[in-house]
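For reference, structure-v7.txt (compact mmCIF, C-alpha atoms):
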# COMPACT_ATOMS: atom_id res chain seq x y z
CA MET A 1 -91.03 50.35 72.84
CA ASN A 2 -88.91 51.45 69.89
CA GLY A 3 -90.40 54.01 67.55
CA HIS A 4 -89.59 56.28 64.65
CA LEU A 5 -89.54 59.76 66.11
CA ASN A 6 -90.43 62.30 63.44
CA ASP A 7 -89.42 59.66 60.88
CA ILE A 8 -90.67 61.54 57.84
CA ALA A 9 -88.66 64.62 58.77
CA LEU A 10 -85.54 62.54 59.37
CA ARG A 11 -85.78 60.74 56.00
CA SER A 12 -86.40 64.02 54.17
CA HIS A 13 -82.97 65.30 55.21
CA SER A 14 -80.85 62.44 53.93
CA VAL A 15 -78.38 64.74 52.14
CA GLY A 16 -75.84 66.95 53.88
CA LYS A 17 -74.34 67.03 57.35
CA ARG A 18 -76.72 66.48 60.25
CA ILE A 19 -76.31 68.99 63.09
CA LEU A 20 -78.18 67.74 66.14
CA ILE A 21 -78.70 70.27 68.96
CA VAL A 22 -79.96 68.87 72.26
CA GLY A 23 -81.62 71.41 74.53
CA GLY A 24 -83.89 74.29 73.51
CA GLY A 25 -82.99 76.75 76.24
CA LEU A 26 -81.60 80.25 75.87
CA GLY A 27 -78.52 79.14 73.91
CA GLY A 28 -79.86 76.01 72.21
CA LEU A 29 -82.83 77.68 70.52
CA MET A 30 -80.74 80.69 69.55
CA LEU A 31 -78.16 78.42 67.90
CA ALA A 32 -80.81 76.35 66.12
CA THR A 33 -82.45 79.53 64.82
CA ARG A 34 -79.19 81.02 63.53
CA LEU A 35 -78.00 77.79 61.91
CA GLY A 36 -81.46 77.11 60.52
CA HIS A 37 -81.37 80.42 58.65
CA THR A 38 -77.80 79.76 57.51
CA PHE A 39 -78.63 76.39 55.95
CA LYS A 40 -82.25 77.10 54.98
CA ASN A 41 -81.48 77.21 51.28
CA ASN A 42 -78.23 75.26 51.49
CA ASN A 43 -78.26 71.46 51.50
CA SER A 44 -74.74 71.22 52.91
CA ALA A 45 -76.26 70.76 56.39
CA HIS A 46 -79.58 70.26 58.14
CA VAL A 47 -80.31 71.32 61.70
CA PHE A 48 -82.35 69.38 64.26
CA LEU A 49 -83.33 70.55 67.75
CA VAL A 50 -84.26 68.05 70.48
CA ASP A 51 -86.19 69.08 73.60
CA ARG A 52 -88.71 67.27 75.76
CA ALA A 53 -90.86 70.38 76.28
CA PRO A 54 -93.01 71.72 73.42
CA VAL A 55 -92.37 75.36 74.35
CA HIS A 56 -89.25 77.45 74.95
CA VAL A 57 -89.17 80.02 77.73
CA TRP A 58 -86.34 82.36 78.63
CA LYS A 59 -84.93 80.86 81.82
CA PRO A 60 -84.09 84.19 83.54
CA ILE A 61 -87.84 84.97 83.74
CA LEU A 62 -88.98 81.59 85.08
CA HIS A 63 -89.42 83.17 88.51
CA THR A 64 -92.08 85.50 87.06
CA PHE A 65 -94.11 82.49 85.87
CA ALA A 66 -93.72 80.96 89.33
CA ALA A 67 -95.02 84.14 90.98
CA GLY A 68 -97.76 84.66 88.41
CA SER A 69 -96.56 88.05 87.16
CA ALA A 70 -96.00 86.66 83.64
CA ASN A 71 -97.89 84.17 81.48
CA ALA A 72 -96.03 81.35 79.75
CA HIS A 73 -98.81 81.08 77.16
CA GLU A 74 -97.89 84.56 75.96
CA ASP A 75 -94.13 84.60 76.55
CA GLY A 76 -93.40 81.00 75.52
CA VAL A 77 -92.14 80.12 72.03
CA PRO A 78 -93.55 76.89 70.50
CA PHE A 79 -90.65 74.94 69.02
CA VAL A 80 -92.64 73.77 65.98
CA ALA A 81 -93.52 77.36 65.07
CA GLN A 82 -89.95 78.59 65.51
CA ALA A 83 -88.66 75.63 63.48
CA LYS A 84 -90.98 76.46 60.58
CA GLN A 85 -89.95 80.12 60.61
CA SER A 86 -86.23 79.46 60.89
CA GLY A 87 -85.59 76.33 58.81
CA PHE A 88 -84.68 73.70 61.39
CA THR A 89 -86.54 70.53 62.47
CA TYR A 90 -87.89 70.05 65.99
CA LEU A 91 -87.74 66.56 67.51
CA PRO A 92 -89.70 66.06 70.77
CA GLY A 93 -88.06 63.98 73.45
CA ALA A 94 -85.15 63.81 75.87
CA LEU A 95 -81.62 62.64 75.18
CA ASP A 96 -81.26 59.21 76.79
CA SER A 97 -77.79 58.07 75.66
CA ILE A 98 -74.96 58.70 73.19
CA ASN A 99 -73.23 56.09 71.02
CA ARG A 100 -70.03 57.75 69.83
CA ASP A 101 -68.90 54.78 67.71
CA LYS A 102 -72.10 54.75 65.64
CA LYS A 103 -72.57 58.53 65.89
CA THR A 104 -76.13 58.12 67.12
CA VAL A 105 -78.15 59.31 70.08
CA THR A 106 -81.17 57.67 71.63
CA ILE A 107 -84.11 60.02 72.12
CA LYS A 108 -86.84 58.98 74.52
CA ILE A 109 -90.38 60.19 75.19
CA ASP A 110 -91.64 58.85 78.50
CA ASP A 111 -94.29 61.37 79.57
CA LEU A 112 -97.23 60.24 77.44
CA ASP A 113 -99.57 59.54 80.38
CA ASP A 114 -100.90 56.00 79.89
CA LYS A 115 -98.91 55.37 76.70
CA SER A 116 -95.76 53.25 76.60
CA PRO A 117 -92.45 55.14 76.31
CA ILE A 118 -91.16 55.73 72.79
CA GLN A 119 -87.51 55.82 71.87
CA THR A 120 -85.54 55.98 68.66
CA ASP A 121 -81.95 56.30 67.47
CA VAL A 122 -81.01 59.43 65.53
CA GLU A 123 -77.79 59.81 63.56
CA TYR A 124 -75.61 62.90 63.73
CA ASP A 125 -72.50 64.29 62.11
CA VAL A 126 -72.21 67.11 64.63
CA LEU A 127 -73.76 66.84 68.09
CA VAL A 128 -74.23 69.98 70.21
CA ILE A 129 -75.21 69.50 73.85
CA ALA A 130 -76.96 72.46 75.47
CA THR A 131 -79.02 70.78 78.16
CA GLY A 132 -78.49 73.49 80.77
CA SER A 133 -78.64 73.00 84.52
CA SER A 134 -80.97 72.42 87.43
CA ALA A 135 -80.93 73.35 91.10
CA ASN A 136 -78.49 71.38 93.27
CA ASP A 137 -79.95 69.88 96.44
CA PHE A 138 -76.43 68.94 97.69
CA GLY A 139 -77.86 65.68 99.01
CA VAL A 140 -79.91 67.40 101.73
CA ALA A 141 -82.58 64.98 102.95
CA GLY A 142 -86.15 65.88 102.06
CA VAL A 143 -85.45 68.55 99.42
CA GLN A 144 -86.84 66.60 96.47
CA GLU A 145 -89.88 65.44 98.42
CA HIS A 146 -90.91 68.70 100.07
CA CYS A 147 -89.55 71.64 98.01
CA TYR A 148 -90.64 73.43 94.86
CA PHE A 149 -88.13 74.44 92.19
CA ILE A 150 -87.83 77.16 89.51
CA ASP A 151 -85.47 75.54 87.01
CA ASN A 152 -87.95 74.72 84.21
CA LEU A 153 -91.42 75.81 83.10
CA TRP A 154 -93.24 72.76 84.43
CA ARG A 155 -91.75 73.21 87.90
CA ALA A 156 -92.35 76.98 87.87
CA GLU A 157 -96.03 76.45 87.07
CA GLN A 158 -96.27 73.81 89.81
CA LEU A 159 -94.97 76.39 92.25
CA ASN A 160 -97.38 79.03 90.96
CA LYS A 161 -100.34 76.69 91.48
CA ALA A 162 -99.21 75.87 95.02
CA LEU A 163 -98.64 79.56 95.80
CA ARG A 164 -102.10 80.61 94.61
CA THR A 165 -103.70 77.71 96.48
CA GLU A 166 -101.95 78.71 99.70
CA ILE A 167 -103.00 82.36 99.33
CA ILE A 168 -106.64 81.40 98.72
CA PHE A 169 -106.62 78.95 101.61
CA ARG A 170 -105.14 81.46 104.04
CA SER A 171 -107.48 84.20 102.82
CA VAL A 172 -110.43 82.03 103.84
CA SER A 173 -109.11 80.14 106.86
CA GLY A 174 -106.79 82.79 108.32
CA GLY A 175 -103.21 82.44 109.45
CA ASP A 176 -99.92 83.61 107.97
CA ILE A 177 -98.73 82.90 104.44
CA ARG A 178 -95.23 81.59 105.15
CA ILE A 179 -92.87 81.20 102.18
CA ALA A 180 -89.25 80.14 102.66
CA ILE A 181 -86.82 80.44 99.73
CA VAL A 182 -83.43 78.74 99.88
CA GLY A 183 -80.77 80.46 97.78
CA GLY A 184 -79.61 84.06 97.88
CA GLY A 185 -78.58 84.22 94.24
CA ALA A 186 -80.42 86.13 91.53
CA THR A 187 -83.24 83.56 91.19
CA GLY A 188 -84.06 83.49 94.90
CA VAL A 189 -83.81 87.26 95.29
CA GLU A 190 -85.94 88.01 92.23
CA PHE A 191 -88.60 85.47 93.21
CA ALA A 192 -88.84 86.97 96.70
CA ALA A 193 -89.47 90.41 95.17
CA GLU A 194 -92.09 88.99 92.77
CA VAL A 195 -93.95 87.38 95.69
CA ALA A 196 -94.01 90.74 97.47
CA ARG A 197 -95.46 92.27 94.33
CA LEU A 198 -98.07 89.49 94.07
CA ILE A 199 -99.28 90.25 97.58
CA ASP A 200 -99.28 94.02 96.97
CA VAL A 201 -101.44 93.56 93.87
CA GLY A 202 -103.75 91.21 95.76
CA ALA A 203 -104.18 93.87 98.43
CA ALA A 204 -105.00 96.46 95.79
CA TYR A 205 -107.73 94.16 94.43
CA GLY A 206 -109.43 93.88 97.83
CA ALA A 207 -107.43 91.47 100.01
CA VAL A 208 -106.17 94.34 102.16
CA ASP A 209 -104.92 92.20 105.04
CA LEU A 210 -102.64 89.96 102.96
CA PRO A 211 -99.45 92.08 103.30
CA LYS A 212 -99.68 91.91 107.09
CA ARG A 213 -99.92 88.13 107.00
CA LEU A 214 -97.20 87.47 104.40
CA LYS A 215 -93.96 86.08 105.84
CA VAL A 216 -91.20 85.61 103.26
CA MET A 217 -87.87 84.19 104.44
CA LEU A 218 -84.79 84.14 102.20
CA LEU A 219 -82.26 81.58 103.43
CA ASP A 220 -78.67 81.64 102.20
CA ALA A 221 -75.60 79.67 103.26
CA GLY A 222 -73.22 82.60 102.69
CA LYS A 223 -72.45 85.70 104.69
CA ARG A 224 -74.43 87.85 102.26
CA ILE A 225 -76.91 87.37 99.43
CA LEU A 226 -75.85 87.93 95.81
CA SER A 227 -72.27 86.92 96.58
CA ALA A 228 -71.38 87.13 92.87
CA PHE A 229 -72.23 90.86 92.89
CA PRO A 230 -70.21 93.72 94.42
CA GLU A 231 -70.83 94.07 98.15
CA GLU A 232 -72.46 97.48 97.71
CA ILE A 233 -75.14 95.98 95.45
CA SER A 234 -75.65 93.07 97.83
CA ASN A 235 -76.20 95.50 100.73
CA ASN A 236 -78.57 97.71 98.72
CA VAL A 237 -80.67 94.74 97.61
CA SER A 238 -80.77 93.42 101.18
CA ASP A 239 -82.09 96.78 102.40
CA ASP A 240 -84.74 96.88 99.67
CA LEU A 241 -85.91 93.34 100.39
CA LYS A 242 -86.21 94.09 104.09
CA GLU A 243 -88.37 97.13 103.27
CA LEU A 244 -90.60 94.75 101.28
CA GLY A 245 -90.94 92.58 104.37
CA VAL A 246 -88.51 89.84 103.38
CA GLU A 247 -86.54 88.34 106.27
CA ILE A 248 -82.99 87.43 105.23
CA ILE A 249 -81.29 84.61 107.12
CA ASN A 250 -77.58 84.37 106.26
CA GLN A 251 -75.25 81.46 107.01
CA ALA A 252 -78.25 79.15 107.08
CA ARG A 253 -76.84 75.63 107.25
CA ILE A 254 -79.76 73.42 106.24
CA THR A 255 -79.51 69.75 107.19
CA GLY A 256 -83.00 68.56 106.31
CA VAL A 257 -86.48 69.40 105.05
CA ASP A 258 -89.82 68.00 106.20
CA THR A 259 -93.47 68.79 105.57
CA SER A 260 -93.37 71.75 107.98
CA GLY A 261 -90.13 73.48 106.98
CA PHE A 262 -86.33 73.52 107.14
CA LEU A 263 -84.07 72.17 109.86
CA PHE A 264 -80.78 74.00 110.56
CA GLU A 265 -77.46 72.61 111.69
CA ASP A 266 -77.79 74.29 115.11
CA GLY A 267 -81.14 72.58 115.73
CA GLU A 268 -83.29 75.63 114.95
CA ARG A 269 -86.14 75.49 112.40
CA CYS A 270 -87.71 77.70 109.76
CA ASP A 271 -91.31 76.61 109.21
CA ALA A 272 -93.17 77.46 106.00
CA GLY A 273 -96.19 76.30 104.03
CA ILE A 274 -94.39 76.91 100.72
CA LYS A 275 -90.77 75.76 100.54
CA VAL A 276 -88.73 76.79 97.48
CA TRP A 277 -85.24 75.49 96.64
CA ALA A 278 -83.32 77.92 94.41
CA ALA A 279 -79.79 77.11 95.61
CA GLY A 280 -76.86 75.70 93.71
CA VAL A 281 -76.41 74.65 90.11
CA LYS A 282 -75.70 71.24 88.65
CA ALA A 283 -75.34 70.30 85.00
CA VAL A 284 -78.00 68.17 83.33
CA THR A 285 -75.72 65.53 81.81
CA GLY A 286 -76.97 62.19 83.14
CA PHE A 287 -77.29 60.88 79.59
CA THR A 288 -73.49 60.85 79.16
CA ALA A 289 -73.03 57.68 81.23
CA GLY A 290 -70.94 55.28 79.17
CA ALA A 291 -70.10 57.87 76.51
CA GLY A 292 -66.57 58.37 77.85
CA LEU A 293 -66.69 62.17 77.75
CA GLU A 294 -64.61 64.18 80.21
CA GLN A 295 -66.63 65.82 83.00
CA ASN A 296 -65.73 67.93 86.02
CA ARG A 297 -66.93 67.36 89.59
CA ALA A 298 -70.10 69.36 88.92
CA GLY A 299 -71.00 67.03 86.04
CA GLN A 300 -70.24 69.62 83.35
CA LEU A 301 -68.70 68.47 80.08
CA VAL A 302 -65.16 69.84 79.73
CA VAL A 303 -64.66 71.64 76.40
CA ASN A 304 -61.74 73.25 74.57
CA GLU A 305 -61.34 76.70 73.01
CA ARG A 306 -63.70 75.71 70.16
CA LEU A 307 -66.28 74.36 72.62
CA GLN A 308 -65.57 70.79 71.49
CA THR A 309 -65.59 68.06 74.13
CA THR A 310 -62.05 66.98 74.90
CA LYS A 311 -62.61 63.32 73.93
CA ASP A 312 -64.62 63.80 70.73
CA GLY A 313 -64.24 66.66 68.27
CA SER A 314 -67.65 66.01 66.69
CA ILE A 315 -69.44 66.63 70.00
CA PHE A 316 -69.76 70.21 71.24
CA ALA A 317 -71.19 71.49 74.51
CA PHE A 318 -71.96 74.98 75.80
CA GLY A 319 -73.91 76.90 78.38
CA ASP A 320 -74.56 75.65 81.91
CA CYS A 321 -73.81 72.01 81.04
CA ALA A 322 -70.27 72.80 79.83
CA SER A 323 -67.06 73.80 81.57
CA PHE A 324 -64.76 76.14 79.64
CA THR A 325 -61.68 77.71 81.20
CA PRO A 326 -60.32 80.67 79.21
CA SER A 327 -56.60 80.76 78.48
CA GLY A 328 -54.70 82.29 81.39
CA SER A 329 -57.59 81.88 83.81
CA GLU A 330 -57.73 79.54 86.79
CA LYS A 331 -61.53 79.39 86.88
CA SER A 332 -64.04 78.15 84.36
CA LEU A 333 -66.77 80.51 83.16
CA PRO A 334 -69.84 80.72 85.42
CA PRO A 335 -73.15 79.11 84.40
CA THR A 336 -74.92 82.33 83.37
CA GLY A 337 -77.19 83.42 80.56
CA GLN A 338 -74.65 85.79 79.04
CA VAL A 339 -72.08 82.99 78.77
CA ALA A 340 -74.61 80.76 76.98
CA ARG A 341 -75.64 83.57 74.66
CA GLN A 342 -72.07 84.42 73.65
CA GLN A 343 -71.22 80.75 73.14
CA ALA A 344 -74.32 80.24 70.98
CA ASP A 345 -73.30 83.24 68.89
CA TYR A 346 -69.79 81.80 68.53
CA LEU A 347 -71.02 78.35 67.43
CA ALA A 348 -73.45 79.92 64.95
CA ARG A 349 -70.40 81.35 63.18
CA ALA A 350 -67.94 78.52 63.87
CA LEU A 351 -69.95 75.42 62.93
CA PRO A 352 -70.52 76.39 59.26
CA ARG A 353 -66.76 76.94 58.94
CA ILE A 354 -65.98 73.60 60.55
CA ILE A 355 -68.47 71.81 58.28
CA ASN A 356 -66.84 73.44 55.25
CA GLY A 357 -63.39 72.30 56.40
CA SER A 358 -62.14 75.64 57.74
CA ALA A 359 -60.67 76.29 61.16
CA PRO A 360 -62.59 78.88 63.22
CA LYS A 361 -61.02 81.21 65.73
CA SER A 362 -61.11 80.31 69.40
CA PHE A 363 -64.05 81.33 71.57
CA LEU A 364 -63.42 84.61 73.37
CA TYR A 365 -65.65 85.60 76.26
CA LYS A 366 -66.39 89.24 77.08
CA GLU A 367 -67.73 90.07 80.53
CA MET A 368 -70.79 92.28 80.01
CA GLY A 369 -71.73 92.73 83.66
CA THR A 370 -74.47 91.42 85.93
CA LEU A 371 -77.99 92.61 86.69
CA VAL A 372 -80.68 91.75 89.21
CA SER A 373 -84.27 93.00 89.14
CA LEU A 374 -86.57 93.44 92.15
CA SER A 375 -89.78 93.31 90.11
CA GLN A 376 -91.37 96.78 89.91
CA TYR A 377 -89.38 97.94 92.96
CA GLY A 378 -86.07 98.57 91.23
CA ALA A 379 -82.93 96.94 89.88
CA TYR A 380 -79.17 96.94 90.38
CA GLY A 381 -76.19 95.83 88.35
CA THR A 382 -72.84 96.47 86.76
CA LEU A 383 -71.66 96.75 83.19
CA GLY A 384 -68.38 94.93 82.58
CA GLN A 385 -65.17 96.73 81.73
CA GLN A 386 -64.82 97.35 77.99
CA GLY A 387 -61.35 98.26 76.77
CA VAL A 388 -60.18 101.37 78.57
CA LEU A 389 -63.67 102.05 79.92
CA PRO A 390 -64.11 101.02 83.58
CA SER A 391 -66.91 98.90 85.00
CA ILE A 392 -70.07 100.95 85.62
CA SER A 393 -72.57 100.46 88.44
CA LEU A 394 -76.26 100.81 87.61
CA LYS A 395 -79.34 101.19 89.77
CA GLY A 396 -82.95 102.25 89.57
CA TRP A 397 -84.57 103.04 86.23
CA THR A 398 -81.34 102.63 84.23
CA ALA A 399 -80.63 99.18 85.67
CA LYS A 400 -84.25 98.11 85.13
CA ARG A 401 -84.15 99.13 81.46
CA ALA A 402 -80.81 97.33 81.00
CA HIS A 403 -82.28 94.20 82.61
CA ASP A 404 -85.33 94.33 80.34
CA ALA A 405 -83.09 94.93 77.31
CA PHE A 406 -81.43 91.51 77.72
CA TYR A 407 -84.81 89.84 77.18
CA ARG A 408 -85.58 92.03 74.17
CA LEU A 409 -82.19 91.16 72.68
CA HIS A 410 -83.06 87.49 73.09
CA GLN A 411 -86.37 88.04 71.29
CA LEU A 412 -84.60 90.04 68.59
CA GLY A 413 -82.26 87.12 67.93
CA LEU A 414 -85.18 84.71 67.63
CA PHE A 415 -87.76 86.78 65.77
CA GLY A 416 -86.03 89.68 64.04
CA LEU A 417 -86.79 93.37 64.30
CA TRP A 418 -90.41 93.56 63.17
CA ARG A 419 -91.81 90.65 65.17
CA THR A 420 -89.95 91.82 68.27
CA GLY A 421 -91.47 95.27 67.79
CA VAL A 422 -94.95 93.74 67.63
CA LEU A 423 -94.26 91.77 70.83
CA LEU A 424 -93.09 94.95 72.54
CA LEU A 425 -96.32 96.67 71.50
CA ARG A 426 -98.39 93.70 72.70
CA ASP A 427 -96.71 93.74 76.11
CA GLY A 428 -97.32 97.46 76.41
CA LEU A 429 -101.02 97.05 75.61
CA ASN A 430 -101.33 94.15 78.05
CA GLY A 431 -100.06 96.47 80.76
CA PHE A 432 -103.10 98.68 80.19
CA VAL A 433 -105.84 96.08 79.79
CA LYS A 434 -104.77 93.21 82.07
CA PRO A 435 -104.00 92.99 85.78
CA PRO A 436 -100.29 92.83 86.55
CA VAL A 437 -100.53 89.28 87.98
CA ARG A 438 -102.51 86.18 87.02
CA PHE A 439 -105.73 85.49 88.93
CA ASP A 440 -106.79 82.45 86.89

Here is the file; what I need is its structure written in the form of structure tokens.
Amino acid sequence: MNGHLNDIALRSHSVGKRILIVGGGLGGLMLATRLGHTFKNNNSAHVFLVDRAPVHVWKPILHTFAAGSANAHEDGVPFVAQAKQSGFTYLPGALDSINRDKKTVTIKIDDLDDKSPIQTDVEYDVLVIATGSSANDFGVAGVQEHCYFIDNLWRAEQLNKALRTEIIFRSVSGGDIRIAIVGGGATGVEFAAEVARLIDVGAAYGAVDLPKRLKVMLLDAGKRILSAFPEEISNNVSDDLKELGVEIINQARITGVDTSGFLFEDGERCDAGIKVWAAGVKAVTGFTAGAGLEQNRAGQLVVNERLQTTKDGSIFAFGDCASFTPSGSEKSLPPTGQVARQQADYLARALPRIINGSAPKSFLYKEMGTLVSLSQYGAYGTLGQQGVLPSISLKGWTAKRAHDAFYRLHQLGLFGLWRTGVLLLRDGLNGFVKPPVRFD
């Protein structure tokens, strides 16, 4: 069924360039907010943001929603509210296809329960693709059918529901609570720590035998977890996780998944009631079929020094769905939050110049370091080398505050100083009046 998605809003912006941003993740919403303010009282351009979800959440904290130590209803940002505050227009739906000749995209809504799908064509002058990434199952049989994921809010809340159900069931019927997490990167490590915290809190509220019956296994294909971090940090985190009761299985070659657990290449098994797949990253770019845009083997859109796709200068891409290789480097930038944030900041300054006919400077990435948080149990990380200053290792309270600061900086970019201050106060008060995990 063809429809007219947000037709009134589209007709009301008939003057000026149309900047269409697809994807309301960390970078996409930040860019829409910045550009919305830039063009709020300037009819030279109008900004539209497309996302199938009604609410934005900061992807690096999805694991806390999955574990139940954070509430998406409090930490989520409704797109319609942010659009009103910032001066852009929100269009619900998912990008289905791109027509470069007509400069249109087809947006589709296909999750309306018993309603027929709705789709419409939307024109653009500048198209920005920021659709992010999802976990990569590497073609392993049974992953999609039997595993939970933590790569969007809907999936994180699915996992949270299954986790709470399993805990309640085992509390009544007995037996171990077995949770196996595939992926020794930051997401897998941080989720394992949040699960340990969930059980500790449950024990404090009366379920005193839960910690003895919790079995958390962290499975990783590499020789050590957190392979992107210095080896010292990897070893320290491994020691901390083991103290929390997490069993780490390195060089785990998984060949299949069934209802009971994971099957390894050597014929051994790892059985678990809750199976979580947090390994690998693949770009969400299935909508580009037939568009003729250059992509790498991981499905990422290849972009130049201005973050323009190599085949079409009016289409930009950034964040996890894009592949940018800095001048003089042999490797493209990793799919991390800090890359997306810096690229969003660059495009917020570059796109107004391009629209006005000026040539912006090239994108320049600055390595700011990496951080990993083990819930309330600590944190580790490094701050990237800045000029003549060397890289600095962080741990404990300092690393935890630095980790938290990245989220506050994200809020500051979206809401400004005063609203972010109110949110900080709210979170502090919640810490006094609410339990540290969800029991609903």

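Take the candidates A:Ile179, A:Val55, A:Val246, A:Cys321 and check each one against A:Thr288 using all atoms listed in the file; the shortest distance goes to A:Cys321.
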
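Distance annotation: of A:Val195, A:Val182, A:Ala402, A:Leu49, the residue with the minimal separation from A:Gln82 is A:Leu49; atom set is all atoms listed in the file.
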
Starting from the point (-81.7, 89.0, 76.8), work out which residues of protein, DNA or RNA have an atom no more than 12 Å away when counting all atoms listed in the file; state them as a PDB file with C-alpha atoms, keeping the file's coordinate frame.
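So the final result, stored in result.pdb, reads:
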ATOM      1  CA  LEU A  26     -81.600  80.250  75.870  1.00  0.00           C
ATOM      2  CA  GLY A  27     -78.520  79.140  73.910  1.00  0.00           C
ATOM      3  CA  MET A  30     -80.740  80.690  69.550  1.00  0.00           C
ATOM      4  CA  VAL A  57     -89.170  80.020  77.730  1.00  0.00           C
ATOM      5  CA  TRP A  58     -86.340  82.360  78.630  1.00  0.00           C
ATOM      6  CA  LYS A  59     -84.930  80.860  81.820  1.00  0.00           C
ATOM      7  CA  PRO A  60     -84.090  84.190  83.540  1.00  0.00           C
ATOM      8  CA  ILE A  61     -87.840  84.970  83.740  1.00  0.00           C
ATOM      9  CA  THR A 336     -74.920  82.330  83.370  1.00  0.00           C
ATOM     10  CA  GLY A 337     -77.190  83.420  80.560  1.00  0.00           C
ATOM     11  CA  GLN A 338     -74.650  85.790  79.040  1.00  0.00           C
ATOM     12  CA  VAL A 339     -72.080  82.990  78.770  1.00  0.00           C
ATOM     13  CA  ALA A 340     -74.610  80.760  76.980  1.00  0.00           C
ATOM     14  CA  ARG A 341     -75.640  83.570  74.660  1.00  0.00           C
ATOM     15  CA  GLN A 342     -72.070  84.420  73.650  1.00  0.00           C
ATOM     16  CA  MET A 368     -70.790  92.280  80.010  1.00  0.00           C
ATOM     17  CA  THR A 370     -74.470  91.420  85.930  1.00  0.00           C
ATOM     18  CA  LEU A 371     -77.990  92.610  86.690  1.00  0.00           C
ATOM     19  CA  ARG A 401     -84.150  99.130  81.460  1.00  0.00           C
ATOM     20  CA  ALA A 402     -80.810  97.330  81.000  1.00  0.00           C
ATOM     21  CA  HIS A 403     -82.280  94.200  82.610  1.00  0.00           C
ATOM     22  CA  ASP A 404     -85.330  94.330  80.340  1.00  0.00           C
ATOM     23  CA  ALA A 405     -83.090  94.930  77.310  1.00  0.00           C
ATOM     24  CA  PHE A 406     -81.430  91.510  77.720  1.00  0.00           C
ATOM     25  CA  TYR A 407     -84.810  89.840  77.180  1.00  0.00           C
ATOM     26  CA  ARG A 408     -85.580  92.030  74.170  1.00  0.00           C
ATOM     27  CA  LEU A 409     -82.190  91.160  72.680  1.00  0.00           C
ATOM     28  CA  HIS A 410     -83.060  87.490  73.090  1.00  0.00           C
ATOM     29  CA  GLN A 411     -86.370  88.040  71.290  1.00  0.00           C
ATOM     30  CA  LEU A 412     -84.600  90.040  68.590  1.00  0.00           C
ATOM     31  CA  GLY A 413     -82.260  87.120  67.930  1.00  0.00           C
ATOM     32  CA  LEU A 414     -85.180  84.710  67.630  1.00  0.00           C
TER      33      LEU A 414
END

Expected residue set, 10 Å radius at (-73.8, 60.0, 74.3), all atoms listed in the file, as a PyMOL selection string: chain A and resi 95-101+103-106+127+129+285-293+315

Restricted to C-alpha atoms, what would the selected residues look like written as a short mmCIF file (atom, residue, chain, number, x, y, z; two decimals), in the frame of the given file?
data_model
loop_
_atom_site.label_atom_id
_atom_site.label_comp_id
_atom_site.auth_asym_id
_atom_site.auth_seq_id
_atom_site.Cartn_x
_atom_site.Cartn_y
_atom_site.Cartn_z
CA LEU A 95 -81.62 62.64 75.18
CA ASP A 96 -81.26 59.21 76.79
CA SER A 97 -77.79 58.07 75.66
CA ILE A 98 -74.96 58.70 73.19
CA ASN A 99 -73.23 56.09 71.02
CA ARG A 100 -70.03 57.75 69.83
CA ASP A 101 -68.90 54.78 67.71
CA LYS A 103 -72.57 58.53 65.89
CA THR A 104 -76.13 58.12 67.12
CA VAL A 105 -78.15 59.31 70.08
CA THR A 106 -81.17 57.67 71.63
CA LEU A 127 -73.76 66.84 68.09
CA ILE A 129 -75.21 69.50 73.85
CA THR A 285 -75.72 65.53 81.81
CA GLY A 286 -76.97 62.19 83.14
CA PHE A 287 -77.29 60.88 79.59
CA THR A 288 -73.49 60.85 79.16
CA ALA A 289 -73.03 57.68 81.23
CA GLY A 290 -70.94 55.28 79.17
CA ALA A 291 -70.10 57.87 76.51
CA GLY A 292 -66.57 58.37 77.85
CA LEU A 293 -66.69 62.17 77.75
CA ILE A 315 -69.44 66.63 70.00
#

Would you kindly return, as an MDAnalysis selection string, each protein, DNA or RNA residue with an atom no farther than 12 Å from any atom of A:Leu210, considering all atoms listed in the file and excluding same-chain residues fewer than 2 positions away? chainID A and resid 166:172 174:178 195:208 212:215

Residues within 12 Å of A:Leu383, all atoms listed in the file, excluding chain neighbours under 3 positions, as JSON, numbers by chain: {"A": [229, 230, 366, 367, 368, 369, 370, 371, 372, 380, 386, 389, 390, 391, 392, 393, 394, 395, 398, 399, 402, 403]}

What is the atom CA of A:Glu232 to atom CA of A:Ala135 distance in Å? 26.4 Å

Can you complete the atoms of stretch 287-292 of chain A to N, CA and C atoms and list them as a PDB file, keeping the file's coordinate frame?
ATOM      1  N   PHE A 287     -77.271  61.715  80.794  1.00  0.00           N
ATOM      2  CA  PHE A 287     -77.290  60.880  79.590  1.00  0.00           C
ATOM      3  C   PHE A 287     -75.899  60.505  79.095  1.00  0.00           C
ATOM      4  N   THR A 288     -74.857  61.092  79.661  1.00  0.00           N
ATOM      5  CA  THR A 288     -73.490  60.850  79.160  1.00  0.00           C
ATOM      6  C   THR A 288     -72.866  59.592  79.748  1.00  0.00           C
ATOM      7  N   ALA A 289     -73.580  58.896  80.638  1.00  0.00           N
ATOM      8  CA  ALA A 289     -73.030  57.680  81.230  1.00  0.00           C
ATOM      9  C   ALA A 289     -72.642  56.679  80.146  1.00  0.00           C
ATOM     10  N   GLY A 290     -71.412  56.244  80.164  1.00  0.00           N
ATOM     11  CA  GLY A 290     -70.940  55.280  79.170  1.00  0.00           C
ATOM     12  C   GLY A 290     -70.412  55.900  77.897  1.00  0.00           C
ATOM     13  N   ALA A 291     -70.561  57.227  77.742  1.00  0.00           N
ATOM     14  CA  ALA A 291     -70.100  57.870  76.510  1.00  0.00           C
ATOM     15  C   ALA A 291     -68.611  58.180  76.552  1.00  0.00           C
ATOM     16  N   GLY A 292     -68.009  58.144  77.743  1.00  0.00           N
ATOM     17  CA  GLY A 292     -66.570  58.370  77.850  1.00  0.00           C
ATOM     18  C   GLY A 292     -66.139  59.802  77.670  1.00  0.00           C
TER      19      GLY A 292
END
